Amino acid sequence: MKIYSTISREKERLKTIHSERINLFVCGPTVYDDSHIGHARTYIAFDVVARYLKYRGYSVFYLQNITDVDDKIIARAAEMGISPRTLARRFEQRYLEDMESLGVTNVNYYARATEHIPEIISQIERLKELGFAYETQTGIYFDESLFADFGKLSHQSAEELKKHRIEPDPTKRNSGDFALWKKRQAEDGGSGHAEKSDQFDHEIVWDSPWGKGRPGWHIEDTAITETYFGQQYDIHGGAMDLIFPHHEAEIAQMEAASGKKPMVRYWMHTGFLNINGEKMSKSLGNFTTIRDMLKVHDAQAFRLFVLLSHYSSPIDFSPDALKQAQRSLERLRHSARIIDESIEVDDDENQDLEMAEYSDPVVAAAKAQFLVHMDNDFNTPYALRTLFDLIRDINRRINEERISQKGLKEAREFLDRAGEVLGLNIFSPAEAAQGKLEADAAEKLADLLIFTRQKLREKKDWQLADEIRSRMNALGISVEDN
């Protein structure tokens, strides 16, 4: 399997840090408003990445952060006259509901920034002790000039980086230095960075060695990933617009604090989603939330629309494009019904078929091609082409009465499994969706228990770790320690 990594600009063979286990982190939402369809494109893409890695036999721990403290959250909460916490929880819940509607069900854990303040402070303290961070009257900042590799992800030279201004502040050493911790300023502090204190002030500041304040945006991600994955892990994903400065800052923070390189083996980024050929923005009046889109279009059709393009390519959203995706989805499901109707009921109908042992040459070839395309940087458009080619051949052979019952069952099994990998409900959509949600919930719970048990073992809490294993074994889940 090969993955295109933004940092090397090459497709690299997948080589995991921990044998058959993969740690995957994708930047989650800042919960101050409803998520838009550009977010949906990214999260559908990485849901498929997680699904396929599991299908290929890897144990995947997929982690997302929830940015629940931020300037935008505070400003929006003030506009609405509610607390930042109330606002953040409201839009976090709506985000999770949107993801469930889209079939994005493979995230194992959502980590809130506000629940990792001690870890954030610890990482900042280490950066300060190592000389990479400094304190001013407004906060703690990372000195980008001291990290020689700054710009290696976005492939920008030192001169190009000087053109950018991040968080202008006269107290900083360099214009590009970014905030690790923002100090609470008195209303008349005169710094230009004041936060007005109100009845919700206790919700947006925390005690720290540098006084009351709150974390910067970039530091939450590395503090969270270090907590759950350690200082190095396998895959980091996100949208292309996060490469600079967000992901550059993450690399600088973690590699400076740990002294280990690389922080991440593979950087994956999704392309932009445009609306009728234009960039999506509120000023252009074409900003589309997931919820608004789903009032008009089928969630599965939107998912297919997304997967008909490679995850790294730009895509253009339009009603016509969604209608075409809907027709393609209906064609898949129509063929699935024909296959189901052509399969005769017999005593072996409930037997599981081993995909590796398909005897029908067309189905076997389709399976091989599907794997080739998905192994090639998760090439979903070509994988889907394989499915459409297969159903065309199967339909023709059914009409000509040239396909055996075994061949029909093998075709059904393959299409069903491929649909699961892509998150498309090809057979019995309603029942399949409900069954998949239940299976996903059970799998995520088991993964979380295994992860928690491993952390307990690392802390040498053998008694509780053994208790978790015993109870999992009693439920039929076998846990063995390497």
# chains A, B, ... in the order shown; residues from 1 in each chain; ligands from 1
call {"tool": "select_by_dssp", "arguments": {"residues": "segment 178-354 of chain A", "states": "helix (DSSP H, G or I)", "output": "PDB file with C-alpha atoms, in the first residue's frame"}}
result
ATOM      1  CA  ASP A 201     -14.871  34.583  32.287  1.00  0.00           C
ATOM      2  CA  HIS A 202     -14.248  31.495  34.420  1.00  0.00           C
ATOM      3  CA  GLU A 203     -15.116  29.274  31.455  1.00  0.00           C
ATOM      4  CA  ILE A 204     -12.490  30.669  29.089  1.00  0.00           C
ATOM      5  CA  TRP A 217      -4.910  27.063  18.580  1.00  0.00           C
ATOM      6  CA  HIS A 218      -1.920  25.005  17.427  1.00  0.00           C
ATOM      7  CA  ILE A 219      -0.782  23.648  20.794  1.00  0.00           C
ATOM      8  CA  GLU A 220      -3.963  21.690  21.543  1.00  0.00           C
ATOM      9  CA  ASP A 221      -3.348  19.249  18.684  1.00  0.00           C
ATOM     10  CA  THR A 222       0.178  18.259  19.683  1.00  0.00           C
ATOM     11  CA  ALA A 223      -0.717  18.048  23.369  1.00  0.00           C
ATOM     12  CA  ILE A 224      -3.639  15.765  22.527  1.00  0.00           C
ATOM     13  CA  THR A 225      -1.732  13.519  20.105  1.00  0.00           C
ATOM     14  CA  GLU A 226       1.201  13.215  22.505  1.00  0.00           C
ATOM     15  CA  THR A 227      -1.234  12.137  25.222  1.00  0.00           C
ATOM     16  CA  TYR A 228      -2.808   9.334  23.182  1.00  0.00           C
ATOM     17  CA  PHE A 229      -0.167   8.421  20.590  1.00  0.00           C
ATOM     18  CA  MET A 240      -5.246  21.491   2.474  1.00  0.00           C
ATOM     19  CA  ASP A 241      -5.766  24.962   3.944  1.00  0.00           C
ATOM     20  CA  LEU A 242      -4.364  23.739   7.278  1.00  0.00           C
ATOM     21  CA  ILE A 243      -0.885  22.985   5.898  1.00  0.00           C
ATOM     22  CA  PHE A 244       0.295  26.498   6.739  1.00  0.00           C
ATOM     23  CA  PRO A 245       0.451  27.705   9.409  1.00  0.00           C
ATOM     24  CA  HIS A 246      -1.424  25.131  11.508  1.00  0.00           C
ATOM     25  CA  HIS A 247       0.351  21.925  10.575  1.00  0.00           C
ATOM     26  CA  GLU A 248       3.733  23.644  10.272  1.00  0.00           C
ATOM     27  CA  ALA A 249       3.249  24.865  13.829  1.00  0.00           C
ATOM     28  CA  GLU A 250       2.355  21.373  15.021  1.00  0.00           C
ATOM     29  CA  ILE A 251       5.568  19.956  13.584  1.00  0.00           C
ATOM     30  CA  ALA A 252       7.632  22.722  15.160  1.00  0.00           C
ATOM     31  CA  GLN A 253       6.048  22.264  18.588  1.00  0.00           C
ATOM     32  CA  MET A 254       6.273  18.490  18.791  1.00  0.00           C
ATOM     33  CA  GLU A 255       9.677  17.977  17.197  1.00  0.00           C
ATOM     34  CA  ALA A 256      11.159  20.807  19.268  1.00  0.00           C
ATOM     35  CA  ALA A 257       9.701  19.442  22.508  1.00  0.00           C
ATOM     36  CA  SER A 258      10.632  15.807  21.854  1.00  0.00           C
ATOM     37  CA  ILE A 290     -24.094  19.986   5.942  1.00  0.00           C
ATOM     38  CA  ARG A 291     -27.568  20.337   7.438  1.00  0.00           C
ATOM     39  CA  ASP A 292     -28.810  22.592   4.664  1.00  0.00           C
ATOM     40  CA  MET A 293     -27.382  20.274   2.016  1.00  0.00           C
ATOM     41  CA  LEU A 294     -29.056  17.222   3.559  1.00  0.00           C
ATOM     42  CA  ALA A 299     -26.544  11.697   2.377  1.00  0.00           C
ATOM     43  CA  GLN A 300     -25.401   8.586   0.529  1.00  0.00           C
ATOM     44  CA  ALA A 301     -25.519  10.417  -2.811  1.00  0.00           C
ATOM     45  CA  PHE A 302     -23.331  13.171  -1.357  1.00  0.00           C
ATOM     46  CA  ARG A 303     -20.911  10.573  -0.039  1.00  0.00           C
ATOM     47  CA  LEU A 304     -20.703   8.968  -3.486  1.00  0.00           C
ATOM     48  CA  PHE A 305     -20.197  12.417  -5.037  1.00  0.00           C
ATOM     49  CA  VAL A 306     -17.211  12.969  -2.737  1.00  0.00           C
ATOM     50  CA  LEU A 307     -15.683   9.551  -3.482  1.00  0.00           C
ATOM     51  CA  PRO A 319     -27.023  20.448  -7.856  1.00  0.00           C
ATOM     52  CA  ASP A 320     -26.298  18.780 -11.205  1.00  0.00           C
ATOM     53  CA  ALA A 321     -23.265  16.964  -9.770  1.00  0.00           C
ATOM     54  CA  LEU A 322     -25.381  15.673  -6.874  1.00  0.00           C
ATOM     55  CA  LYS A 323     -28.124  14.546  -9.230  1.00  0.00           C
ATOM     56  CA  GLN A 324     -25.575  12.606 -11.267  1.00  0.00           C
ATOM     57  CA  ALA A 325     -24.225  10.991  -8.097  1.00  0.00           C
ATOM     58  CA  GLN A 326     -27.801  10.094  -7.084  1.00  0.00           C
ATOM     59  CA  ARG A 327     -28.377   8.396 -10.457  1.00  0.00           C
ATOM     60  CA  SER A 328     -25.117   6.472 -10.101  1.00  0.00           C
ATOM     61  CA  LEU A 329     -26.100   5.337  -6.615  1.00  0.00           C
ATOM     62  CA  GLU A 330     -29.512   4.199  -7.867  1.00  0.00           C
ATOM     63  CA  ARG A 331     -27.810   2.269 -10.666  1.00  0.00           C
ATOM     64  CA  LEU A 332     -25.678   0.418  -8.110  1.00  0.00           C
ATOM     65  CA  ARG A 333     -28.709  -0.367  -5.966  1.00  0.00           C
ATOM     66  CA  HIS A 334     -30.826  -1.416  -8.940  1.00  0.00           C
ATOM     67  CA  SER A 335     -28.141  -3.888  -9.975  1.00  0.00           C
ATOM     68  CA  ALA A 336     -27.917  -5.093  -6.380  1.00  0.00           C
ATOM     69  CA  ARG A 337     -31.656  -5.843  -6.380  1.00  0.00           C
ATOM     70  CA  ILE A 338     -31.330  -7.766  -9.657  1.00  0.00           C
ATOM     71  CA  ILE A 339     -28.517  -9.847  -8.162  1.00  0.00           C
ATOM     72  CA  ASP A 340     -30.572 -10.535  -5.022  1.00  0.00           C
ATOM     73  CA  GLU A 341     -33.603 -11.539  -7.087  1.00  0.00           C
ATOM     74  CA  SER A 342     -31.446 -13.875  -9.210  1.00  0.00           C
TER      75      SER A 342
END
call {"tool": "residues_around", "arguments": {"residues": "segment 105-119 of chain A", "least_positions_apart": "3", "cutoff": "6 Å", "atoms": "only C-alpha atoms", "output": "PDB file with C-alpha atoms, in the first residue's frame"}}
result
ATOM      1  CA  ASP A  47     -13.600   7.780   7.266  1.00  0.00           C
ATOM      2  CA  TYR A  62      -8.651   7.216  14.806  1.00  0.00           C
ATOM      3  CA  LEU A  63      -8.475  10.341  16.959  1.00  0.00           C
ATOM      4  CA  GLN A  64     -10.000  13.777  16.362  1.00  0.00           C
ATOM      5  CA  ASN A  65      -9.742  16.896  18.472  1.00  0.00           C
ATOM      6  CA  ILE A  66     -12.629  19.242  19.223  1.00  0.00           C
ATOM      7  CA  THR A  67     -11.545  22.888  19.457  1.00  0.00           C
ATOM      8  CA  SER A 122       3.124  20.700  30.301  1.00  0.00           C
ATOM      9  CA  GLU A 220      -3.963  21.690  21.543  1.00  0.00           C
ATOM     10  CA  ALA A 223      -0.717  18.048  23.369  1.00  0.00           C
ATOM     11  CA  LYS A 444     -15.270   1.546  18.756  1.00  0.00           C
TER      12      LYS A 444
END
call {"tool": "atom_distance", "arguments": {"atom1": "atom CA of Glu420 of chain A", "atom2": "atom CA of Asp360 of chain A"}}
result
21.1 Å
call {"tool": "residues_around", "arguments": {"residues": "segment 73-78 of chain A", "least_positions_apart": "3", "cutoff": "9 Å", "atoms": "only C-alpha atoms", "output": "mmCIF file with N, CA and C atoms, in the first residue's frame"}}
result
data_model
loop_
_atom_site.group_PDB
_atom_site.id
_atom_site.type_symbol
_atom_site.label_atom_id
_atom_site.label_comp_id
_atom_site.auth_asym_id
_atom_site.auth_seq_id
_atom_site.Cartn_x
_atom_site.Cartn_y
_atom_site.Cartn_z
ATOM 1 N N THR A 30 -13.716 23.480 14.863
ATOM 2 C CA THR A 30 -13.861 24.516 15.879
ATOM 3 C C THR A 30 -15.357 24.760 16.013
ATOM 4 N N VAL A 31 -15.920 24.435 17.163
ATOM 5 C CA VAL A 31 -17.377 24.319 17.283
ATOM 6 C C VAL A 31 -18.027 25.647 17.688
ATOM 7 N N TYR A 32 -18.076 26.561 16.714
ATOM 8 C CA TYR A 32 -18.747 27.836 16.937
ATOM 9 C C TYR A 32 -19.913 28.025 15.971
ATOM 10 N N ASP A 33 -20.074 27.089 15.023
ATOM 11 C CA ASP A 33 -21.138 27.169 14.028
ATOM 12 C C ASP A 33 -21.334 25.780 13.442
ATOM 13 N N ASP A 68 -12.810 23.540 21.420
ATOM 14 C CA ASP A 68 -13.964 24.096 22.123
ATOM 15 C C ASP A 68 -13.615 25.323 22.952
ATOM 16 N N VAL A 69 -12.436 25.916 22.684
ATOM 17 C CA VAL A 69 -12.106 27.242 23.202
ATOM 18 C C VAL A 69 -11.307 27.945 22.112
ATOM 19 N N ASP A 70 -11.791 29.134 21.723
ATOM 20 C CA ASP A 70 -11.201 29.819 20.573
ATOM 21 C C ASP A 70 -11.803 31.224 20.492
ATOM 22 N N GLY A 81 -25.331 35.918 23.635
ATOM 23 C CA GLY A 81 -25.660 36.098 25.039
ATOM 24 C C GLY A 81 -25.668 34.820 25.839
ATOM 25 N N ILE A 82 -24.841 33.855 25.427
ATOM 26 C CA ILE A 82 -24.728 32.591 26.161
ATOM 27 C C ILE A 82 -23.262 32.345 26.487
ATOM 28 N N SER A 83 -22.994 31.356 27.316
ATOM 29 C CA SER A 83 -21.608 31.079 27.695
ATOM 30 C C SER A 83 -20.884 30.371 26.563
ATOM 31 N N PRO A 84 -19.563 30.569 26.459
ATOM 32 C CA PRO A 84 -18.785 29.849 25.453
ATOM 33 C C PRO A 84 -18.933 28.332 25.570
ATOM 34 N N ARG A 85 -19.017 27.837 26.795
ATOM 35 C CA ARG A 85 -19.160 26.387 26.987
ATOM 36 C C ARG A 85 -20.489 25.899 26.405
ATOM 37 N N THR A 86 -21.564 26.639 26.679
ATOM 38 C CA THR A 86 -22.875 26.253 26.154
ATOM 39 C C THR A 86 -22.875 26.243 24.632
ATOM 40 N N LEU A 87 -22.293 27.293 24.049
ATOM 41 C CA LEU A 87 -22.216 27.369 22.587
ATOM 42 C C LEU A 87 -21.420 26.206 22.019
ATOM 43 N N ALA A 88 -20.252 25.949 22.613
ATOM 44 C CA ALA A 88 -19.377 24.892 22.104
ATOM 45 C C ALA A 88 -20.042 23.526 22.187
ATOM 46 N N ILE A 204 -13.414 30.506 30.218
ATOM 47 C CA ILE A 204 -12.490 30.669 29.089
ATOM 48 C C ILE A 204 -11.057 30.961 29.521
#
call {"tool": "residues_around", "arguments": {"residues": "Ala446 of chain A", "least_positions_apart": "6", "cutoff": "10 Å", "atoms": "only C-alpha atoms", "output": "mmCIF file with N, CA, C and O atoms, in the first residue's frame"}}
result
data_model
loop_
_atom_site.group_PDB
_atom_site.id
_atom_site.type_symbol
_atom_site.label_atom_id
_atom_site.label_comp_id
_atom_site.auth_asym_id
_atom_site.auth_seq_id
_atom_site.Cartn_x
_atom_site.Cartn_y
_atom_site.Cartn_z
ATOM 1 N N ASN A 108 -12.586 6.912 16.718
ATOM 2 C CA ASN A 108 -12.625 6.197 17.998
ATOM 3 C C ASN A 108 -12.822 7.130 19.186
ATOM 4 O O ASN A 108 -13.453 6.759 20.179
ATOM 5 N N ASP A 440 -20.413 -0.613 14.334
ATOM 6 C CA ASP A 440 -19.392 0.411 14.534
ATOM 7 C C ASP A 440 -19.298 0.801 16.006
ATOM 8 O O ASP A 440 -18.201 0.973 16.547
ATOM 9 N N THR A 452 -7.439 1.887 26.498
ATOM 10 C CA THR A 452 -7.393 2.256 27.916
ATOM 11 C C THR A 452 -6.573 1.241 28.709
ATOM 12 O O THR A 452 -5.771 1.606 29.579
ATOM 13 N N MET A 472 -13.619 -8.469 29.214
ATOM 14 C CA MET A 472 -13.706 -8.532 27.753
ATOM 15 C C MET A 472 -13.732 -9.984 27.286
ATOM 16 O O MET A 472 -14.471 -10.339 26.369
ATOM 17 N N ILE A 477 -14.521 -11.370 23.693
ATOM 18 C CA ILE A 477 -13.473 -10.604 23.018
ATOM 19 C C ILE A 477 -12.137 -11.050 23.584
ATOM 20 O O ILE A 477 -11.814 -10.811 24.747
#
call {"tool": "atom_distance", "arguments": {"atom1": "atom CA of Lys11 of chain A", "atom2": "atom CA of Val49 of chain A"}}
result
15.3 Å
call {"tool": "residues_around", "arguments": {"residues": "Asp393 of chain A", "least_positions_apart": "6", "cutoff": "12 Å", "atoms": "only C-alpha atoms", "output": "count of residues only"}}
result
18
call {"tool": "residues_around", "arguments": {"residues": "Val60 of chain A", "least_positions_apart": "3", "cutoff": "9 Å", "atoms": "only C-alpha atoms", "output": "list in words"}}
result
Glu20, Arg21, Ile22, Asn23, Leu24, Ala50, Arg51, Leu53, Lys54, Asn108 and Asp447 of chain A
call {"tool": "closest_residue", "arguments": {"among": "A:His236, A:Arg41, A:His36, A:Lys15", "to": "Asp316 of chain A", "atoms": "only C-alpha atoms"}}
result
A:Arg41
call {"tool": "select_by_dssp", "arguments": {"residues": "segment 119-332 of chain A", "states": "strand (DSSP E)", "output": "PyMOL selection string"}}
result
chain A and resi 133-135+139-142+178-183+213-215+233-239+264-270+273-275+278-279+315-317
